[in-house]
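S.K.: Structure supplied as start-v2.pdb; contents: PDB, C-alpha atoms.
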```pdb
ATOM      1  CA  MET A 164      -8.292  21.127  19.937  1.00  0.00           C
ATOM      2  CA  SER A 165      -9.820  20.482  16.516  1.00  0.00           C
ATOM      3  CA  ASP A 166      -7.423  23.089  15.043  1.00  0.00           C
ATOM      4  CA  ARG A 167      -4.486  21.002  16.310  1.00  0.00           C
ATOM      5  CA  ILE A 168      -5.944  17.841  14.819  1.00  0.00           C
ATOM      6  CA  ASN A 169      -6.736  19.520  11.497  1.00  0.00           C
ATOM      7  CA  ARG A 170      -3.298  21.101  11.290  1.00  0.00           C
ATOM      8  CA  LYS A 171      -1.596  17.806  12.098  1.00  0.00           C
ATOM      9  CA  ASP A 172      -3.661  16.040   9.423  1.00  0.00           C
ATOM     10  CA  LEU A 173      -2.821  18.792   6.953  1.00  0.00           C
ATOM     11  CA  ILE A 174       0.885  18.419   7.699  1.00  0.00           C
ATOM     12  CA  VAL A 175       0.663  14.674   7.014  1.00  0.00           C
ATOM     13  CA  GLU A 176      -1.291  15.248   3.805  1.00  0.00           C
ATOM     14  CA  VAL A 177       1.149  17.875   2.518  1.00  0.00           C
ATOM     15  CA  ALA A 178       4.184  15.799   3.490  1.00  0.00           C
ATOM     16  CA  SER A 179       2.698  12.824   1.691  1.00  0.00           C
ATOM     17  CA  GLU A 180       2.205  14.798  -1.517  1.00  0.00           C
ATOM     18  CA  LEU A 181       5.688  16.336  -1.356  1.00  0.00           C
ATOM     19  CA  PHE A 182       7.262  12.939  -0.667  1.00  0.00           C
ATOM     20  CA  LEU A 183       5.405  11.531  -3.688  1.00  0.00           C
ATOM     21  CA  GLN A 184       6.395  14.437  -5.949  1.00  0.00           C
ATOM     22  CA  GLN A 185       9.993  15.027  -4.866  1.00  0.00           C
ATOM     23  CA  GLY A 186      11.023  11.958  -2.894  1.00  0.00           C
ATOM     24  CA  TYR A 187      11.570  11.594   0.828  1.00  0.00           C
ATOM     25  CA  GLU A 188      15.230  12.664   0.882  1.00  0.00           C
ATOM     26  CA  ALA A 189      14.645  15.691  -1.355  1.00  0.00           C
ATOM     27  CA  THR A 190      11.803  17.041   0.791  1.00  0.00           C
ATOM     28  CA  SER A 191      12.804  19.234   3.724  1.00  0.00           C
ATOM     29  CA  ILE A 192      10.942  20.090   6.898  1.00  0.00           C
ATOM     30  CA  ARG A 193      11.099  23.724   5.803  1.00  0.00           C
ATOM     31  CA  GLN A 194       9.345  22.905   2.508  1.00  0.00           C
ATOM     32  CA  ILE A 195       6.591  21.042   4.330  1.00  0.00           C
ATOM     33  CA  ALA A 196       6.136  23.846   6.864  1.00  0.00           C
ATOM     34  CA  ASP A 197       6.071  26.485   4.106  1.00  0.00           C
ATOM     35  CA  GLU A 198       3.521  24.530   2.074  1.00  0.00           C
ATOM     36  CA  VAL A 199       1.279  24.083   5.126  1.00  0.00           C
ATOM     37  CA  GLY A 200       1.725  27.729   6.117  1.00  0.00           C
ATOM     38  CA  VAL A 201       3.253  27.099   9.537  1.00  0.00           C
ATOM     39  CA  THR A 202       6.654  27.627  11.085  1.00  0.00           C
ATOM     40  CA  GLU A 203       9.120  24.793  11.442  1.00  0.00           C
ATOM     41  CA  ALA A 204       8.602  25.101  15.203  1.00  0.00           C
ATOM     42  CA  ALA A 205       4.876  24.464  14.736  1.00  0.00           C
ATOM     43  CA  LEU A 206       5.644  21.411  12.652  1.00  0.00           C
ATOM     44  CA  TYR A 207       8.015  20.107  15.328  1.00  0.00           C
ATOM     45  CA  TYR A 208       5.282  20.731  17.907  1.00  0.00           C
ATOM     46  CA  HIS A 209       3.212  18.033  16.178  1.00  0.00           C
ATOM     47  CA  PHE A 210       6.136  15.850  15.096  1.00  0.00           C
ATOM     48  CA  LYS A 211       8.845  16.151  17.736  1.00  0.00           C
ATOM     49  CA  GLU A 212      11.172  13.712  15.934  1.00  0.00           C
ATOM     50  CA  GLY A 213      10.817  15.687  12.715  1.00  0.00           C
ATOM     51  CA  LYS A 214      10.804  14.165   9.282  1.00  0.00           C
ATOM     52  CA  ARG A 215      11.325  10.610  10.489  1.00  0.00           C
ATOM     53  CA  GLN A 216       8.221  10.720  12.686  1.00  0.00           C
ATOM     54  CA  LEU A 217       6.335  12.447   9.906  1.00  0.00           C
ATOM     55  CA  LEU A 218       7.243   9.602   7.541  1.00  0.00           C
ATOM     56  CA  GLN A 219       5.723   7.141  10.016  1.00  0.00           C
ATOM     57  CA  ALA A 220       2.523   9.217  10.077  1.00  0.00           C
ATOM     58  CA  VAL A 221       2.460   9.282   6.271  1.00  0.00           C
ATOM     59  CA  PHE A 222       2.789   5.490   6.226  1.00  0.00           C
ATOM     60  CA  ALA A 223      -0.014   5.089   8.744  1.00  0.00           C
ATOM     61  CA  CYS A 224      -2.426   7.515   7.046  1.00  0.00           C
ATOM     62  CA  GLN A 225      -1.574   7.730   3.375  1.00  0.00           C
ATOM     63  CA  MET A 226      -0.040   4.463   2.252  1.00  0.00           C
ATOM     64  CA  PRO A 227      -2.137   1.812   0.556  1.00  0.00           C
ATOM     65  CA  ASN A 228      -4.500   0.142   3.003  1.00  0.00           C
ATOM     66  CA  PHE A 229      -5.260  -3.340   1.810  1.00  0.00           C
ATOM     67  CA  LYS A 230      -7.558  -4.223   4.721  1.00  0.00           C
ATOM     68  CA  GLN A 231     -10.595  -3.507   2.534  1.00  0.00           C
ATOM     69  CA  VAL A 232      -9.265  -6.000  -0.001  1.00  0.00           C
ATOM     70  CA  LEU A 233      -9.314  -8.701   2.659  1.00  0.00           C
ATOM     71  CA  GLU A 234     -12.762  -7.660   3.881  1.00  0.00           C
ATOM     72  CA  ASP A 235     -14.065  -8.167   0.350  1.00  0.00           C
ATOM     73  CA  CYS A 236     -12.671 -11.731   0.354  1.00  0.00           C
ATOM     74  CA  HIS A 237     -14.583 -12.877   3.455  1.00  0.00           C
ATOM     75  CA  GLY A 238     -17.430 -15.248   2.723  1.00  0.00           C
ATOM     76  CA  SER A 239     -15.845 -16.760  -0.367  1.00  0.00           C
ATOM     77  CA  GLN A 240     -17.160 -20.262  -1.046  1.00  0.00           C
ATOM     78  CA  SER A 241     -14.213 -21.493  -3.134  1.00  0.00           C
ATOM     79  CA  LEU A 242     -10.606 -20.678  -3.864  1.00  0.00           C
ATOM     80  CA  ALA A 243     -11.570 -19.408  -7.316  1.00  0.00           C
ATOM     81  CA  GLU A 244     -14.157 -17.063  -5.803  1.00  0.00           C
ATOM     82  CA  LEU A 245     -11.665 -15.814  -3.202  1.00  0.00           C
ATOM     83  CA  ILE A 246      -9.041 -15.079  -5.861  1.00  0.00           C
ATOM     84  CA  GLN A 247     -11.607 -13.363  -8.072  1.00  0.00           C
ATOM     85  CA  ARG A 248     -12.840 -11.219  -5.165  1.00  0.00           C
ATOM     86  CA  TYR A 249      -9.245 -10.409  -4.257  1.00  0.00           C
ATOM     87  CA  GLY A 250      -8.508  -9.308  -7.821  1.00  0.00           C
ATOM     88  CA  GLN A 251     -11.664  -7.210  -8.039  1.00  0.00           C
ATOM     89  CA  ALA A 252     -10.932  -5.501  -4.718  1.00  0.00           C
ATOM     90  CA  VAL A 253      -7.324  -4.761  -5.672  1.00  0.00           C
ATOM     91  CA  ALA A 254      -8.445  -3.430  -9.061  1.00  0.00           C
ATOM     92  CA  LEU A 255     -10.876  -1.049  -7.346  1.00  0.00           C
ATOM     93  CA  ILE A 256      -8.205   0.543  -5.168  1.00  0.00           C
ATOM     94  CA  ALA A 257      -5.434   0.411  -7.785  1.00  0.00           C
ATOM     95  CA  PRO A 258      -5.915   3.936  -9.179  1.00  0.00           C
ATOM     96  CA  HIS A 259      -5.299   5.383  -5.705  1.00  0.00           C
ATOM     97  CA  THR A 260      -2.668   2.908  -4.540  1.00  0.00           C
ATOM     98  CA  ALA A 261      -0.513   2.523  -7.661  1.00  0.00           C
ATOM     99  CA  PRO A 262       1.308   5.888  -7.381  1.00  0.00           C
ATOM    100  CA  ARG A 263       1.870   5.370  -3.656  1.00  0.00           C
ATOM    101  CA  LEU A 264       3.150   1.844  -4.191  1.00  0.00           C
ATOM    102  CA  ARG A 265       5.541   3.056  -6.916  1.00  0.00           C
ATOM    103  CA  TRP A 266       6.798   5.748  -4.552  1.00  0.00           C
ATOM    104  CA  LEU A 267       7.211   3.264  -1.711  1.00  0.00           C
ATOM    105  CA  ILE A 268       9.196   0.854  -3.871  1.00  0.00           C
ATOM    106  CA  SER A 269      11.439   3.562  -5.328  1.00  0.00           C
ATOM    107  CA  GLU A 270      12.068   5.293  -1.992  1.00  0.00           C
ATOM    108  CA  TYR A 271      12.447   2.136   0.090  1.00  0.00           C
ATOM    109  CA  PRO A 272      16.276   1.982  -0.108  1.00  0.00           C
ATOM    110  CA  ASN A 273      16.470   5.501   1.391  1.00  0.00           C
ATOM    111  CA  PHE A 274      14.443   4.699   4.508  1.00  0.00           C
ATOM    112  CA  ALA A 275      15.931   4.143   7.952  1.00  0.00           C
ATOM    113  CA  GLN A 276      15.675   0.628   9.349  1.00  0.00           C
ATOM    114  CA  ASP A 277      12.726   1.484  11.616  1.00  0.00           C
ATOM    115  CA  ALA A 278      10.714   2.627   8.584  1.00  0.00           C
ATOM    116  CA  LYS A 279      11.647  -0.549   6.711  1.00  0.00           C
ATOM    117  CA  ASP A 280      10.621  -2.620   9.735  1.00  0.00           C
ATOM    118  CA  PHE A 281       7.272  -0.812   9.826  1.00  0.00           C
ATOM    119  CA  ILE A 282       6.661  -1.620   6.145  1.00  0.00           C
ATOM    120  CA  HIS A 283       7.675  -5.254   6.645  1.00  0.00           C
ATOM    121  CA  LYS A 284       5.392  -5.605   9.645  1.00  0.00           C
ATOM    122  CA  LYS A 285       2.383  -4.267   7.702  1.00  0.00           C
ATOM    123  CA  GLN A 286       3.143  -6.468   4.701  1.00  0.00           C
ATOM    124  CA  VAL A 287       3.538  -9.622   6.800  1.00  0.00           C
ATOM    125  CA  ALA A 288       0.313  -8.882   8.709  1.00  0.00           C
ATOM    126  CA  PHE A 289      -1.541  -8.504   5.404  1.00  0.00           C
ATOM    127  CA  HIS A 290      -0.014 -11.723   4.097  1.00  0.00           C
ATOM    128  CA  ASP A 291      -0.899 -13.648   7.251  1.00  0.00           C
ATOM    129  CA  GLU A 292      -4.532 -12.558   7.093  1.00  0.00           C
ATOM    130  CA  LEU A 293      -4.733 -13.438   3.397  1.00  0.00           C
ATOM    131  CA  ALA A 294      -3.194 -16.861   4.097  1.00  0.00           C
ATOM    132  CA  ASP A 295      -5.814 -17.436   6.822  1.00  0.00           C
ATOM    133  CA  LEU A 296      -8.557 -16.724   4.277  1.00  0.00           C
ATOM    134  CA  ILE A 297      -6.983 -19.124   1.765  1.00  0.00           C
ATOM    135  CA  GLU A 298      -6.254 -21.993   4.160  1.00  0.00           C
ATOM    136  CA  PRO A 299      -9.765 -23.569   4.201  1.00  0.00           C
ATOM    137  CA  PHE A 300      -9.497 -24.116   0.437  1.00  0.00           C
ATOM    138  CA  VAL A 301      -6.059 -25.767   0.275  1.00  0.00           C
ATOM    139  CA  VAL A 302      -4.397 -28.858   1.743  1.00  0.00           C
ATOM    140  CA  ASP A 303      -2.333 -27.176   4.458  1.00  0.00           C
ATOM    141  CA  ALA A 304      -1.037 -23.943   5.980  1.00  0.00           C
ATOM    142  CA  ALA A 305       2.197 -24.073   3.965  1.00  0.00           C
ATOM    143  CA  THR A 306       0.232 -24.127   0.707  1.00  0.00           C
ATOM    144  CA  ALA A 307      -1.934 -21.225   1.916  1.00  0.00           C
ATOM    145  CA  ASP A 308       1.218 -19.325   2.864  1.00  0.00           C
ATOM    146  CA  ALA A 309       2.789 -19.865  -0.565  1.00  0.00           C
ATOM    147  CA  LEU A 310      -0.414 -18.959  -2.396  1.00  0.00           C
ATOM    148  CA  ALA A 311      -0.842 -15.762  -0.356  1.00  0.00           C
ATOM    149  CA  TRP A 312       2.676 -14.640  -1.327  1.00  0.00           C
ATOM    150  CA  THR A 313       1.951 -15.628  -4.938  1.00  0.00           C
ATOM    151  CA  LEU A 314      -1.203 -13.488  -5.046  1.00  0.00           C
ATOM    152  CA  ASN A 315       0.670 -10.574  -3.519  1.00  0.00           C
ATOM    153  CA  CYS A 316       3.489 -10.904  -6.067  1.00  0.00           C
ATOM    154  CA  VAL A 317       1.037 -11.235  -8.962  1.00  0.00           C
ATOM    155  CA  THR A 318      -0.864  -8.076  -8.034  1.00  0.00           C
ATOM    156  CA  VAL A 319       2.270  -6.018  -7.378  1.00  0.00           C
ATOM    157  CA  GLY A 320       3.862  -7.367 -10.554  1.00  0.00           C
ATOM    158  CA  HIS A 321       0.754  -6.509 -12.554  1.00  0.00           C
ATOM    159  CA  SER A 322       0.827  -2.987 -11.136  1.00  0.00           C
ATOM    160  CA  GLN A 323       4.477  -2.564 -12.032  1.00  0.00           C
ATOM    161  CA  LEU A 324       4.075  -3.864 -15.593  1.00  0.00           C
ATOM    162  CA  PHE A 325       0.744  -2.402 -16.566  1.00  0.00           C
ATOM    163  CA  ASP A 326       0.692   0.821 -14.534  1.00  0.00           C
ATOM    164  CA  SER A 327       4.318   1.810 -13.982  1.00  0.00           C
ATOM    165  CA  LEU A 328       5.524   0.667 -17.408  1.00  0.00           C
ATOM    166  CA  GLU A 329       2.184   1.621 -19.023  1.00  0.00           C
ATOM    167  CA  LEU A 330       1.914  -1.751 -20.741  1.00  0.00           C
ATOM    168  CA  GLN A 331      -1.906  -1.420 -20.669  1.00  0.00           C
ATOM    169  CA  ALA A 332      -1.528   0.960 -23.614  1.00  0.00           C
ATOM    170  CA  ILE A 333      -0.513  -1.943 -25.873  1.00  0.00           C
ATOM    171  CA  VAL A 334      -1.828  -5.079 -24.110  1.00  0.00           C
ATOM    172  CA  ASP A 335      -5.333  -5.604 -22.756  1.00  0.00           C
ATOM    173  CA  MET A 336      -4.824  -7.576 -19.525  1.00  0.00           C
ATOM    174  CA  PRO A 337      -6.839  -6.012 -16.700  1.00  0.00           C
ATOM    175  CA  LEU A 338      -6.054  -7.279 -13.211  1.00  0.00           C
ATOM    176  CA  LYS A 339      -9.564  -8.712 -12.941  1.00  0.00           C
ATOM    177  CA  THR A 340      -8.975 -10.877 -16.039  1.00  0.00           C
ATOM    178  CA  LEU A 341      -5.617 -12.033 -14.689  1.00  0.00           C
ATOM    179  CA  MET A 342      -7.106 -12.976 -11.309  1.00  0.00           C
ATOM    180  CA  ASP A 343     -10.142 -14.674 -12.882  1.00  0.00           C
ATOM    181  CA  THR A 344      -7.788 -16.791 -15.004  1.00  0.00           C
ATOM    182  CA  LEU A 345      -5.578 -17.609 -12.030  1.00  0.00           C
ATOM    183  CA  GLY A 346      -8.581 -18.489  -9.848  1.00  0.00           C
ATOM    184  CA  LYS A 347      -9.976 -20.881 -12.446  1.00  0.00           C
ATOM    185  CA  ARG A 348      -6.596 -22.575 -12.866  1.00  0.00           C
ATOM    186  CA  LEU A 349      -6.030 -23.050  -9.134  1.00  0.00           C
ATOM    187  CA  ASP A 350      -9.496 -24.196  -8.111  1.00  0.00           C
TER     188      ASP A 350
END
```
Could you render the structure from this file as structure tokens?
M.R.:
Amino acid sequence: MSDRINRKDLIVEVASELFLQQGYEATSIRQIADEVGVTEAALYYHFKEGKRQLLQAVFACQMPNFKQVLEDCHGSQSLAELIQRYGQAVALIAPHTAPRLRWLISEYPNFAQDAKDFIHKKQVAFHDELADLIEPFVVDAATADALAWTLNCVTVGHSQLFDSLELQAIVDMPLKTLMDTLGKRLD
């Protein structure tokens, strides 16, 4: 039984890396099977719906998990502290998540609607939990909702500018500094 679990995990890991390197559309089931060292039939044994089901498994296991970011925000005593903790937590996971986020954004138009729905559902759940953490520090739920989306946009925008476009090579604006500044301005 553990061989099945290990092989399935290996398939997901290899598929994730190939999707990141080549793109989802350019990666075939045969390539994944060859890289893992199994037959296509063995791959279909674990993922009966093929590449589409494998993509779902990659999302579930390999895509950025921002739950830890929210965990690090619990216990904040002010909005400024919450925003600073949020920025610090995002900065800690950024080296691992940035390439996956870039891949997700670039590949998104190629995904089937069920994959897009899965991504939307995860993003909205993250947003809702962040808004719940913000709400005690603002006047109402609508303000918390808007601020949660703002924080999400700021961190993704920072990643795109400073990581994807390598702006950090010419401008010193770490995410922590950005979030500290934003937290002080909003508190």
S.K.: Running the PyMOL selection byres ((chain A and resi 266) around 10) on this model by hand, what would come out? Give it as a ChimeraX atom specification.
M.R.: /A:182-187,226,260-265,267-271
S.K.: Which residues come within 12 Å of region 229-240 of chain A, counting all atoms listed in the file, excluding same-chain residues fewer than 2 positions away, as a PyMOL selection string?
M.R.: chain A and resi 225-227+242-257+259-260+264+285-300+311+315+318+350
S.K.: Decode the PyMOL selection byres ((chain A and resi 333-341) around 7) for the given file into explicit residues and return them as a PyMOL selection string.
M.R.: chain A and resi 250-251+254+321+330-332+342-345
S.K.: Can you pull out the residues contacting Lys279 (chain A)? Cut-off 12 Å, using only C-alpha atoms, and skip same-chain residues under 2 positions away; I want them as a list in words.
M.R.: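 My list of contacting residues is Arg215, Leu218, Gln219, Phe222, Leu267, Ile268, Glu270, Tyr271, Pro272, Asn273, Phe274, Ala275, Gln276, Asp277, Phe281, Ile282, His283, Lys284, Lys285 and Gln286 of chain A.
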S.K.: Go through A:Ile174, A:Val317, A:Leu181, A:Val221 and flag the residue nearest Gly200 (chain A), using all atoms listed in the file for the distances.
M.R.: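 Of A:Ile174, A:Val317, A:Leu181, A:Val221, the one nearest Gly200 (chain A), counting all atoms listed in the file, is A:Ile174.
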S.K.: Just give me the gap between CA of Lys171 (chain A) and CA of Tyr208 (chain A) in Å, one decimal is fine.
M.R.: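 Computing the Euclidean distance for CA of Lys171 (chain A) and CA of Tyr208 (chain A) yields 9.5 Å.
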S.K.: What is the distance between CA of Arg170 (chain A) and CA of Val199 (chain A), in Å to one decimal?
M.R.: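 Separation of CA of Arg170 (chain A) and CA of Val199 (chain A): 8.2 Å.
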S.K.: Just checking: using all atoms listed in the file, which residue out of A:Val175, A:Asp280, A:Thr313, A:Ser241 ends up closest to Gln216 (chain A)?
M.R.: A:Val175
S.K.: Please evaluate the PyMOL selection byres ((chain A and resi 206) around 10) against the displayed coordinates and give the resulting residues as a PyMOL selection string.
M.R.: chain A and resi 170-171+174+192-193+195-197+199-205+207-211+213-214+217
S.K.: Go ahead and dump the residues you just picked, C-alpha atoms, as a CSV table (one decimal), in the coordinates of the input.
M.R.:
```
chain,number,residue,atom,x,y,z
A,170,ARG,CA,-3.3,21.1,11.3
A,171,LYS,CA,-1.6,17.8,12.1
A,174,ILE,CA,0.9,18.4,7.7
A,192,ILE,CA,10.9,20.1,6.9
A,193,ARG,CA,11.1,23.7,5.8
A,195,ILE,CA,6.6,21.0,4.3
A,196,ALA,CA,6.1,23.8,6.9
A,197,ASP,CA,6.1,26.5,4.1
A,199,VAL,CA,1.3,24.1,5.1
A,200,GLY,CA,1.7,27.7,6.1
A,201,VAL,CA,3.3,27.1,9.5
A,202,THR,CA,6.7,27.6,11.1
A,203,GLU,CA,9.1,24.8,11.4
A,204,ALA,CA,8.6,25.1,15.2
A,205,ALA,CA,4.9,24.5,14.7
A,207,TYR,CA,8.0,20.1,15.3
A,208,TYR,CA,5.3,20.7,17.9
A,209,HIS,CA,3.2,18.0,16.2
A,210,PHE,CA,6.1,15.8,15.1
A,211,LYS,CA,8.8,16.2,17.7
A,213,GLY,CA,10.8,15.7,12.7
A,214,LYS,CA,10.8,14.2,9.3
A,217,LEU,CA,6.3,12.4,9.9
```
S.K.: Could you please determine the separation between CA of Ala309 (chain A) and CA of Cys224 (chain A) in Å, to one decimal place?
M.R.: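 Computed distance, CA of Ala309 (chain A) to CA of Cys224 (chain A), equals 28.9 Å.
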S.K.: Hey, which of A:Pro258, A:Leu328, A:Ala220, A:Ser191 ends up closest to Ser179 (chain A)? Count all atoms listed in the file.
M.R.: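 Counting all atoms listed in the file, the residue closest to Ser179 (chain A) is A:Ala220.
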